[in-house]
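**Student:** The structure file my_file22.cif (mmCIF, C-alpha atoms and all ligand atoms) is provided below.
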data_entry
loop_
_atom_site.label_atom_id
_atom_site.label_comp_id
_atom_site.auth_asym_id
_atom_site.auth_seq_id
_atom_site.Cartn_x
_atom_site.Cartn_y
_atom_site.Cartn_z
CA MET A 1 127.96 164.47 64.44
CA ASN A 2 129.32 168.01 64.86
CA ASN A 3 133.02 168.59 64.65
CA LEU A 4 134.87 170.23 67.49
CA ILE A 5 137.65 171.43 65.23
CA GLU A 6 138.81 170.93 61.64
CA PHE A 7 142.35 171.17 60.36
CA HIS A 8 142.85 171.73 56.64
CA ASP A 9 145.91 171.42 54.41
CA ILE A 10 148.41 170.53 57.09
CA ARG A 11 151.80 170.48 55.43
CA ILE A 12 155.25 170.05 56.93
CA ARG A 13 158.68 169.16 55.59
CA LEU A 14 161.30 167.84 57.96
CA ALA A 15 164.98 167.44 57.13
CA GLY A 16 164.21 168.61 53.59
CA LYS A 17 161.59 165.93 52.92
CA PRO A 18 157.80 166.28 52.88
CA LEU A 19 156.39 164.39 55.87
CA LEU A 20 152.74 165.46 56.16
CA ASN A 21 150.34 166.64 53.49
CA ILE A 22 146.93 166.17 55.09
CA THR A 23 143.98 167.53 53.16
CA LYS A 24 141.55 167.47 56.07
CA LEU A 25 141.40 166.20 59.64
CA SER A 26 138.02 166.59 61.36
CA VAL A 27 137.79 165.97 65.08
CA PRO A 28 134.23 165.01 66.05
CA MET A 29 132.89 166.42 69.29
CA HIS A 30 132.77 164.11 72.31
CA GLN A 31 134.32 161.25 70.38
CA CYS A 32 137.46 159.22 70.46
CA THR A 33 139.58 158.74 67.36
CA LEU A 34 142.21 156.05 67.07
CA LEU A 35 145.16 157.05 64.89
CA THR A 36 147.47 154.34 63.67
CA GLY A 37 150.40 154.40 61.26
CA ARG A 38 153.76 152.74 60.93
CA ASN A 39 156.82 153.96 62.86
CA GLY A 40 157.97 157.25 61.40
CA SER A 41 154.71 157.96 59.57
CA GLY A 42 154.37 161.25 61.45
CA LYS A 43 151.86 160.67 64.27
CA THR A 44 153.91 162.45 66.95
CA THR A 45 154.76 165.28 64.56
CA LEU A 46 151.05 165.68 63.79
CA PHE A 47 150.16 165.80 67.49
CA LYS A 48 152.77 168.48 68.11
CA ILE A 49 151.25 170.55 65.32
CA LEU A 50 147.67 170.03 66.52
CA SER A 51 148.61 171.12 70.06
CA GLY A 52 150.46 174.25 68.94
CA LEU A 53 153.95 173.02 69.84
CA LEU A 54 155.31 172.77 66.30
CA LYS A 55 154.73 175.22 63.47
CA PRO A 56 153.80 173.51 60.21
CA ASP A 57 154.65 174.96 56.80
CA HIS A 58 150.93 175.44 56.21
CA ILE A 59 147.65 174.88 58.06
CA ARG A 60 144.11 176.27 58.20
CA VAL A 61 142.17 175.78 61.40
CA HIS A 62 138.37 175.97 61.63
CA TYR A 63 137.38 176.41 65.25
CA GLN A 64 134.51 178.05 67.07
CA GLY A 65 133.17 179.55 63.86
CA LEU A 66 136.55 181.06 62.94
CA GLN A 67 138.82 180.21 60.03
CA MET A 68 142.35 180.82 61.13
CA ASN A 69 145.94 180.56 60.00
CA TRP A 70 148.62 179.19 62.33
CA ARG A 71 149.38 182.46 64.07
CA GLN A 72 145.72 183.18 64.72
CA ALA A 73 144.88 179.64 65.84
CA LYS A 74 147.84 179.10 68.15
CA PRO A 75 146.40 180.77 71.28
CA TYR A 76 143.15 178.84 70.91
CA ILE A 77 144.76 175.48 70.42
CA GLN A 78 147.35 176.03 73.13
CA ARG A 79 144.47 176.73 75.52
CA ASP A 80 142.11 173.95 74.49
CA VAL A 81 144.29 171.13 73.18
CA ILE A 82 146.56 169.10 75.45
CA TYR A 83 149.19 166.73 74.13
CA LEU A 84 150.39 163.92 76.38
CA HIS A 85 153.68 162.34 75.53
CA GLN A 86 154.08 158.58 75.85
CA GLN A 87 156.47 158.90 78.78
CA ALA A 88 154.43 160.99 81.16
CA TYR A 89 156.64 163.86 82.27
CA LEU A 90 156.19 164.48 85.98
CA PHE A 91 157.99 166.95 88.23
CA ASP A 92 160.14 165.96 91.16
CA ALA A 93 157.30 166.57 93.63
CA SER A 94 154.33 164.77 95.14
CA VAL A 95 151.46 163.43 93.04
CA ALA A 96 149.16 166.13 94.46
CA ASP A 97 151.67 168.91 93.65
CA ASN A 98 152.06 167.59 90.13
CA ILE A 99 148.32 167.73 89.61
CA ALA A 100 148.10 171.22 91.14
CA TYR A 101 150.90 172.60 89.00
CA GLY A 102 148.88 173.57 85.93
CA LEU A 103 146.19 175.19 88.02
CA ARG A 104 148.63 177.32 89.98
CA ARG A 105 150.32 178.35 86.73
CA ALA A 106 146.95 179.32 85.33
CA GLY A 107 146.55 181.68 88.29
CA GLU A 108 144.17 179.62 90.43
CA LYS A 109 144.25 180.56 94.14
CA LYS A 110 145.84 178.01 96.46
CA ALA A 111 142.66 177.01 98.32
CA ALA A 112 140.61 176.60 95.13
CA ALA A 113 143.44 174.62 93.51
CA GLN A 114 143.59 172.34 96.55
CA ARG A 115 139.87 171.61 96.37
CA LYS A 116 140.12 170.76 92.69
CA VAL A 117 143.13 168.52 93.30
CA ILE A 118 141.31 166.55 95.99
CA GLN A 119 138.37 166.04 93.66
CA ALA A 120 140.67 165.10 90.76
CA LEU A 121 142.58 162.55 92.86
CA ASP A 122 139.29 160.94 93.76
CA TRP A 123 138.20 160.93 90.11
CA ALA A 124 141.30 158.98 89.13
CA ASP A 125 141.36 156.71 92.19
CA LEU A 126 144.73 158.17 93.09
CA THR A 127 143.90 159.52 96.55
CA HIS A 128 146.04 156.86 98.25
CA LEU A 129 149.07 158.07 96.26
CA ALA A 130 148.55 161.82 96.81
CA HIS A 131 151.67 162.35 98.93
CA ARG A 132 153.98 159.92 97.18
CA PRO A 133 156.87 161.38 95.17
CA ALA A 134 155.65 161.16 91.56
CA LYS A 135 159.04 159.92 90.36
CA GLN A 136 158.57 156.72 92.40
CA LEU A 137 155.36 155.68 90.64
CA SER A 138 155.04 152.89 88.13
CA GLY A 139 154.61 153.73 84.45
CA GLY A 140 150.86 153.07 84.60
CA GLU A 141 150.41 155.21 87.71
CA LYS A 142 152.43 158.04 86.13
CA GLN A 143 150.21 157.91 83.08
CA ARG A 144 147.10 158.23 85.28
CA VAL A 145 148.64 161.21 87.11
CA ALA A 146 149.40 162.83 83.75
CA LEU A 147 145.83 162.23 82.56
CA THR A 148 144.46 163.71 85.78
CA ARG A 149 146.73 166.73 85.50
CA ALA A 150 145.52 167.24 81.94
CA ARG A 151 141.84 166.84 82.83
CA ILE A 152 141.98 169.43 85.58
CA LEU A 153 142.86 172.04 82.94
CA ALA A 154 139.56 171.21 81.17
CA PRO A 155 140.87 170.58 77.66
CA ARG A 156 138.47 170.19 74.77
CA LEU A 157 140.80 167.94 72.85
CA LEU A 158 143.26 165.51 74.36
CA LEU A 159 146.00 163.99 72.20
CA LEU A 160 147.49 160.84 73.65
CA ASP A 161 150.66 159.49 72.13
CA GLU A 162 150.93 155.75 72.74
CA PRO A 163 149.26 155.95 76.16
CA THR A 164 149.32 152.24 76.89
CA ALA A 165 152.72 151.28 75.47
CA SER A 166 154.71 149.03 77.81
CA MET A 167 151.85 148.72 80.31
CA ASP A 168 150.58 145.47 81.75
CA GLY A 169 146.97 144.39 81.41
CA GLU A 170 145.75 145.95 84.63
CA ALA A 171 147.41 149.32 83.99
CA LYS A 172 145.93 149.34 80.48
CA GLN A 173 142.51 148.70 81.93
CA GLN A 174 142.86 151.55 84.43
CA THR A 175 144.01 153.96 81.74
CA SER A 176 141.19 152.84 79.48
CA LEU A 177 138.68 153.48 82.28
CA LEU A 178 139.93 157.05 82.74
CA LEU A 179 139.75 157.64 79.00
CA GLN A 180 136.16 156.43 78.98
CA ARG A 181 135.35 158.83 81.83
CA LEU A 182 136.97 161.72 79.97
CA LYS A 183 134.99 160.90 76.86
CA ALA A 184 131.76 160.71 78.85
CA GLU A 185 132.53 164.17 80.25
CA GLY A 186 132.65 165.52 76.72
CA VAL A 187 136.38 165.66 75.98
CA SER A 188 137.31 164.79 72.40
CA ILE A 189 140.27 162.43 72.26
CA ILE A 190 142.74 161.28 69.64
CA ILE A 191 144.89 158.31 70.59
CA SER A 192 147.90 157.19 68.61
CA SER A 193 148.61 153.56 69.21
CA HIS A 194 150.30 150.55 67.74
CA GLU A 195 148.05 148.42 69.93
CA ALA A 196 144.74 149.17 68.27
CA HIS A 197 142.95 146.39 70.15
CA THR A 198 143.54 147.94 73.59
CA VAL A 199 141.70 151.16 72.77
CA GLU A 200 139.26 149.89 70.16
CA ASN A 201 136.49 149.62 72.75
CA ILE A 202 136.48 153.37 73.32
CA ALA A 203 137.35 154.53 69.80
CA ASP A 204 134.49 155.76 67.61
CA GLN A 205 136.54 156.03 64.46
CA HIS A 206 139.83 154.66 63.26
CA LEU A 207 142.12 156.73 61.04
CA THR A 208 145.46 155.80 59.65
CA LEU A 209 148.38 157.99 58.65
CA ASP A 210 149.84 156.67 55.47
CA ASN A 211 152.19 158.29 53.01
CA GLY A 212 151.71 161.69 54.65
CA ASP A 213 147.91 161.77 54.49
CA ILE A 214 145.07 160.49 56.64
CA ARG A 215 142.42 158.02 55.61
CA PRO A 216 139.64 156.31 57.52
CA LEU A 217 140.03 152.62 58.24
CA LYS A 218 136.73 151.63 59.75
CA GLN A 219 134.17 152.76 62.28
CA SER A 220 134.78 151.17 65.64
CA ALA A 221 132.38 149.33 67.90
CA ALA A 222 132.05 152.19 70.38
CA HIS A 223 130.49 154.45 67.73
CA ASP A 224 127.00 155.69 68.68
CA LYS A 225 127.46 154.49 72.25
CA VAL A 226 128.62 157.90 73.46
CA THR A 227 126.85 159.17 76.54
CA VAL A 228 127.70 162.72 77.51
CA LEU A 229 127.25 162.90 81.27
CA ASN A 230 128.75 166.24 82.03
CA PRO A 231 130.02 168.20 79.03
CA LEU A 232 132.91 170.34 80.23
CA LYS A 233 133.07 173.42 78.01
CA ASN A 234 132.40 171.92 74.67
CA THR A 235 129.67 174.19 73.51
CA PRO A 236 131.27 176.75 71.24
N1 LIG A 301 162.79 167.60 64.36
C1 LIG A 301 162.91 166.74 63.36
N2 LIG A 301 163.80 166.95 62.37
C2 LIG A 301 163.95 166.09 61.34
N3 LIG A 301 163.22 164.97 61.20
C3 LIG A 301 162.32 164.69 62.15
C4 LIG A 301 162.11 165.55 63.28
N4 LIG A 301 161.13 165.02 64.05
C5 LIG A 301 160.75 163.88 63.45
N5 LIG A 301 161.46 163.69 62.30
C6 LIG A 301 161.29 162.57 61.37
O1 LIG A 301 159.93 162.60 60.91
C7 LIG A 301 159.46 161.27 60.79
C8 LIG A 301 158.17 161.12 61.58
O2 LIG A 301 158.46 161.09 62.97
P1 LIG A 301 157.32 160.92 64.07
O3 LIG A 301 158.02 160.84 65.37
O4 LIG A 301 156.31 161.99 63.87
O5 LIG A 301 156.69 159.51 63.65
P2 LIG A 301 155.70 158.57 64.46
O6 LIG A 301 154.61 158.16 63.51
O7 LIG A 301 155.29 159.22 65.72
O8 LIG A 301 156.60 157.28 64.76
P3 LIG A 301 156.50 156.22 65.98
O9 LIG A 301 155.37 155.30 65.64
O10 LIG A 301 157.83 155.53 65.93
O11 LIG A 301 156.30 156.99 67.25
C9 LIG A 301 160.57 160.35 61.20
O12 LIG A 301 161.24 159.91 60.03
C10 LIG A 301 161.47 161.24 62.04
O13 LIG A 301 162.80 160.82 61.97
MG MG A 302 155.50 158.75 67.72
#
Could you write out this file's structure as structure tokens?
Ligand SMILES: Nc1ncnc2c1ncn2[C@@H]1O[C@H](COP(=O)(O)OP(=O)(O)OP(=O)(O)O)[C@@H](O)[C@H]1O
Ligand SMILES: [Mg+2]

**Tutor:**
Amino acid sequence: MNNLIEFHDIRIRLAGKPLLNITKLSVPMHQCTLLTGRNGSGKTTLFKILSGLLKPDHIRVHYQGLQMNWRQAKPYIQRDVIYLHQQAYLFDASVADNIAYGLRRAGEKKAAAQRKVIQALDWADLTHLAHRPAKQLSGGEKQRVALTRARILAPRLLLLDEPTASMDGEAKQQTSLLLQRLKAEGVSIIISSHEAHTVENIADQHLTLDNGDIRPLKQSAAHDKVTVLNPLKNTP
């Protein structure tokens, strides 16, 4: 399996103490990785580094045939990697406007953005909520809006921090369905979760963050079942 991106020698100290010292993290193309680790092990910190939000003390990034340091890699990862926080952050606007926001910021014309939003709402089965104020949605619905907003920006790697925490069974199922669709479209995904069982059916590999480094736990059931229906832009 080809890797989408590889991160080497990720090191960061926080509050004077070493937190991460990861020799190598390979992200396989079109696959879903489950990342577990105890509270405070550094999962969120790692995601912030991988998405270009937090500068580590050291990192080497191998991407699209290039070997880059942090400064060189940052524009690439900020374009292609999206990090979704556990509490989906939505603006005080309608669901449709929330989904359109990233497109408009990226310079998309209003009519084209509108077409994409309509298609995206349909993709996520959110059409019936299009005009509802996003702030009024349930936690599960907000998470689906956030996933849809992320997808519309065509990321290559999606980092999901505890996406199903505090959701009921049905909301978990709906989120899981969208994650399966994203994977089938060719998006690589890393999910951090304390509830390994809820995402195990879509995870191809299971890594754990322990004592600052990453090690594999086991290969999950979904491995080798990947069907790429419509690769987005994953061919380097
Ligand atoms: N900006 C910061 N300054 C100092 N210490 C920090 C900072 N951010 C995080 N930490 C510390 O780094 C450690 C790792 O935090 P992080 O949030 O990455 O862990 P986590 O694995 O995501 O935990 P959880 O499972 O609870 O979400 C914690 O001890 C935290 O207090
Ligand atoms: Mg965390």

**Student:** All residues within 8 Å of ligand LIG 301 (chain A) are required, counting all atoms listed in the file; please report them as a ChimeraX atom specification.

**Tutor:** /A:14-15,19,37-46,161-162,193-194,209

**Student:** Atom CA of Gln180 of chain A to atom CA of Ser166 of chain A: how many Å, to one decimal?

**Tutor:**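 Separation of atom CA of Gln180 of chain A and atom CA of Ser166 of chain A: 20.0 Å.
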
**Student:** Could you jot down the atom CA of Leu178 of chain A to atom CA of Pro155 of chain A separation for me, Å, one decimal place?

**Tutor:**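 Here the two named atoms are 14.5 Å from each other.
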
**Student:** What's the 12 Å shell around Gln87 of chain A, counting only C-alpha atoms, without same-chain residues fewer than 3 positions away, as a PyMOL selection string?

**Tutor:** chain A and resi 83-84+90+135+138-147+160-167

**Student:** List every protein, DNA or RNA residue that has an atom no more than 9 Å from (139.2, 173.0, 78.7) in the file's coordinate frame, counting all atoms listed in the file, and report them as a compact mmCIF listing (two decimals) with C-alpha atoms, keeping the file's coordinate frame.

**Tutor:**
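Written file, result.txt:
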# COMPACT_ATOMS: atom_id res chain seq x y z
CA ARG A 79 144.47 176.73 75.52
CA ASP A 80 142.11 173.95 74.49
CA VAL A 81 144.29 171.13 73.18
CA ILE A 82 146.56 169.10 75.45
CA ARG A 151 141.84 166.84 82.83
CA ILE A 152 141.98 169.43 85.58
CA LEU A 153 142.86 172.04 82.94
CA ALA A 154 139.56 171.21 81.17
CA PRO A 155 140.87 170.58 77.66
CA ARG A 156 138.47 170.19 74.77
CA LEU A 157 140.80 167.94 72.85
CA VAL A 187 136.38 165.66 75.98
CA LEU A 232 132.91 170.34 80.23
CA LYS A 233 133.07 173.42 78.01
CA ASN A 234 132.40 171.92 74.67

**Student:** Calculated over all atoms listed in the file, which of the candidates A:Ala171, A:Met29, A:Ala73, A:Leu177 has the smallest distance to Ala124 of chain A?

**Tutor:**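 Residue with the minimum atom-to-atom distance to Ala124 of chain A: A:Leu177.
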
**Student:** Return the single residue from A:Leu66, A:Leu54, A:Leu35, A:Ile202 that is closest to Ile5 of chain A, with distances computed using only C-alpha atoms.

**Tutor:**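 Between A:Leu66, A:Leu54, A:Leu35, A:Ile202, the residue approaching Ile5 of chain A most closely is A:Leu66.
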
**Student:** Kindly indicate which residue among A:Ala100, A:Leu4, A:Ala150, A:Ala120 lies nearest to His62 of chain A, using only C-alpha atoms for the distances.

**Tutor:** A:Leu4

**Student:** Of the candidates A:Ile77, A:Ile191, A:Leu121, A:Leu158, which one gets nearest to ligand MG 302 (chain A) if we count only C-alpha atoms and all ligand atoms?

**Tutor:** A:Ile191

**Student:** For atom CA of Tyr101 of chain A and atom CA of Lys172 of chain A, determine how far apart the two atoms are, in Å to one decimal place.

**Tutor:**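 Distance between the two atoms: 25.3 Å.
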
**Student:** Missing atoms in segment 93-123 of chain A need filling: write out N, CA and C atoms for it as a CSV table (one decimal), in the coordinates of the input.

**Tutor:**
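Result saved to selection_23.csv:
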chain,number,residue,atom,x,y,z
A,93,ALA,N,158.2,166.1,92.5
A,93,ALA,CA,157.3,166.6,93.6
A,93,ALA,C,156.2,165.5,93.9
A,94,SER,N,155.4,165.8,94.8
A,94,SER,CA,154.3,164.8,95.1
A,94,SER,C,153.3,164.7,94.0
A,95,VAL,N,152.5,163.6,94.0
A,95,VAL,CA,151.5,163.4,93.0
A,95,VAL,C,150.5,164.6,93.1
A,96,ALA,N,150.1,165.0,94.3
A,96,ALA,CA,149.2,166.1,94.5
A,96,ALA,C,149.8,167.4,93.9
A,97,ASP,N,151.0,167.7,94.2
A,97,ASP,CA,151.7,168.9,93.6
A,97,ASP,C,151.8,168.9,92.1
A,98,ASN,N,152.0,167.7,91.6
A,98,ASN,CA,152.1,167.6,90.1
A,98,ASN,C,150.7,167.9,89.5
A,99,ILE,N,149.7,167.5,90.2
A,99,ILE,CA,148.3,167.7,89.6
A,99,ILE,C,147.9,169.2,89.8
A,100,ALA,N,148.4,169.8,90.9
A,100,ALA,CA,148.1,171.2,91.1
A,100,ALA,C,148.9,172.2,90.2
A,101,TYR,N,150.0,171.7,89.7
A,101,TYR,CA,150.9,172.6,89.0
A,101,TYR,C,150.2,173.5,87.9
A,102,GLY,N,149.5,172.8,87.0
A,102,GLY,CA,148.9,173.6,85.9
A,102,GLY,C,147.9,174.6,86.4
A,103,LEU,N,147.2,174.3,87.5
A,103,LEU,CA,146.2,175.2,88.0
A,103,LEU,C,146.9,176.4,88.6
A,104,ARG,N,147.9,176.2,89.3
A,104,ARG,CA,148.6,177.3,90.0
A,104,ARG,C,149.2,178.2,88.9
A,105,ARG,N,149.7,177.6,87.8
A,105,ARG,CA,150.3,178.4,86.7
A,105,ARG,C,149.3,179.2,86.0
A,106,ALA,N,148.1,178.6,86.0
A,106,ALA,CA,147.0,179.3,85.3
A,106,ALA,C,146.4,180.4,86.2
A,107,GLY,N,147.0,180.6,87.4
A,107,GLY,CA,146.6,181.7,88.3
A,107,GLY,C,145.5,181.3,89.3
A,108,GLU,N,145.2,180.0,89.4
A,108,GLU,CA,144.2,179.6,90.4
A,108,GLU,C,144.7,179.9,91.9
A,109,LYS,N,143.8,180.3,92.7
A,109,LYS,CA,144.2,180.6,94.1
A,109,LYS,C,144.5,179.2,94.8
A,110,LYS,N,145.4,179.2,95.8
A,110,LYS,CA,145.8,178.0,96.5
A,110,LYS,C,144.7,177.2,97.0
A,111,ALA,N,143.7,177.8,97.7
A,111,ALA,CA,142.7,177.0,98.3
A,111,ALA,C,141.8,176.4,97.2
A,112,ALA,N,141.5,177.1,96.2
A,112,ALA,CA,140.6,176.6,95.1
A,112,ALA,C,141.3,175.5,94.4
A,113,ALA,N,142.6,175.7,94.2
A,113,ALA,CA,143.4,174.6,93.5
A,113,ALA,C,143.4,173.3,94.3
A,114,GLN,N,143.6,173.5,95.7
A,114,GLN,CA,143.6,172.3,96.6
A,114,GLN,C,142.3,171.6,96.5
A,115,ARG,N,141.2,172.3,96.5
A,115,ARG,CA,139.9,171.6,96.4
A,115,ARG,C,139.8,170.8,95.1
A,116,LYS,N,140.2,171.4,94.0
A,116,LYS,CA,140.1,170.8,92.7
A,116,LYS,C,141.0,169.5,92.6
A,117,VAL,N,142.2,169.6,93.3
A,117,VAL,CA,143.1,168.5,93.3
A,117,VAL,C,142.5,167.3,94.1
A,118,ILE,N,141.9,167.6,95.2
A,118,ILE,CA,141.3,166.6,96.0
A,118,ILE,C,140.2,165.8,95.2
A,119,GLN,N,139.4,166.6,94.5
A,119,GLN,CA,138.4,166.0,93.7
A,119,GLN,C,139.0,165.2,92.5
A,120,ALA,N,140.0,165.8,91.9
A,120,ALA,CA,140.7,165.1,90.8
A,120,ALA,C,141.3,163.8,91.2
A,121,LEU,N,142.0,163.8,92.4
A,121,LEU,CA,142.6,162.6,92.9
A,121,LEU,C,141.5,161.5,93.0
A,122,ASP,N,140.4,161.9,93.5
A,122,ASP,CA,139.3,160.9,93.8
A,122,ASP,C,138.8,160.4,92.4
A,123,TRP,N,138.7,161.3,91.4
A,123,TRP,CA,138.2,160.9,90.1
A,123,TRP,C,139.1,159.8,89.5
